[in-house]
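What follows is a short report on a single structure.
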Amino acid sequence: LRPTQRLLADLATHGLELSPGTVTDGLKRLAPLFEPIMDGIVTSNLAERQWHADETRWRVFEIVEGKVGFGWWLWVFESASAVVFVLDRSRSARVPEAHFEDVEEGVLIVDRYAAYKALSVVKAGKLLLAYCWQHVRRDFLAVAKDWPDQESWGFEWVDAIGELFGLNALRLEVLGDPAAFAARDAQLRAALEAMAKRRDEELAHTDLHRPRRKALESLRNH
């Protein structure tokens, strides 16, 4: 995105002199024309049964009564058919709550930000949270880094997660071949079942090293 002043300076080199207010007012007039398109994108997004969600800081240089500073949040809700962006002053759960409030079932892939756990559809069991595998992988890397005596254990799990990534990549290579996909999907599921069995066996030990236990418990949502 180009700052408005830079855009205006570029237009001026072509002989078009505009004030910032003209551009701002024009955008405000155009915004309502895009509302039906936005409604259609949201409808398509919510018709799916699997989403990725995330949020990041976004600075908006606008004075808003009752708000200190220019820090806003840009939320994204991505499905296979559509991506919805929501710009909001808040990072609270009310933003994803408003988007997913009418969802009856599905899986939401997220990091561990607490706002997602607070959603009413999550508490009601309609929306299942699945944590990103990259974040879980970092848990085992952290154990290996912070606890030298646990390094080999941590990297064993990192390698096991890497094998899942590899099996999934092989599965995606044959999306257009149902028979081949089914075979490779079965391999991935078998590896996941083996990982879950190993996880539960290790968690059954009452004297398990606390950092190990925390990392293993992060696998329960996978």
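Letters A, B, ... go to the chains of the structure tokens in the order shown; residues in each chain start at 1; ligands are counted from 1 in the same order.
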So which residues touch stretch 89-103 of chain A within 10 Å, counting only C-alpha atoms, skipping near sequence neighbours fewer than 2 positions away, as an MDAnalysis selection string? chainID A and resid 42 45:49 53:60 64 67 70:77 84 86:87 105:106 108 113:122 126:127
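Candidate residues A:Glu193, A:Glu65, A:Asp159, A:Glu78 were compared for distance to A:Arg138, and the nearest is A:Asp159, using only C-alpha atoms.
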Let's see if you can do this: from backbone DSSP, list all alpha helix (DSSP H) residues in stretch 85-152 of chain A, as a PyMOL selection string. chain A and resi 94-100+114-117+120-123+133-146+151-152
Selection near A:Trp157, 10 Å with only C-alpha atoms, sequence-local residues under 5 positions removed, as a PyMOL selection string: chain A and resi 137+139-141+144+152+162-163+195+199+215-216
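Closest to A:Val83 among A:Ile63, A:Val107, A:Ala180, A:Ile41 is A:Ile41, based on only C-alpha atoms.
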Find the residues around A:Arg184 up to 9 Å (only C-alpha atoms counted), leave out those fewer than 2 positions away in its own chain, and share them as a PyMOL selection string. chain A and resi 167-168+170-172+174+179-182+186-189
Distance atom CA of A:Ile109-atom CA of A:Ala183, one decimal place? 24.9 Å
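One finds atom CA of A:Ser81 at 13.4 Å from atom CA of A:Met38.
Of note, atom CA of A:Val136 and atom CA of A:Asp88 are spaced 28.1 Å apart.
Of the listed residues A:Thr4, A:Ala31, A:Thr206, A:Val68, the one whose atoms come nearest to A:Leu18 is A:Thr4, with distances taken using only C-alpha atoms.
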DSSP strand (DSSP E) residues within stretch 12-144 of chain A, listed as number ranges by chain: A: 50-59, 71-78, 83-88, 106-110, 127-131
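Minimum atom-to-atom distances from A:Ala191, A:Gly66, A:Arg220, A:Ile161 to A:Leu203 were compared using only C-alpha atoms, and the lowest value belongs to A:Arg220.
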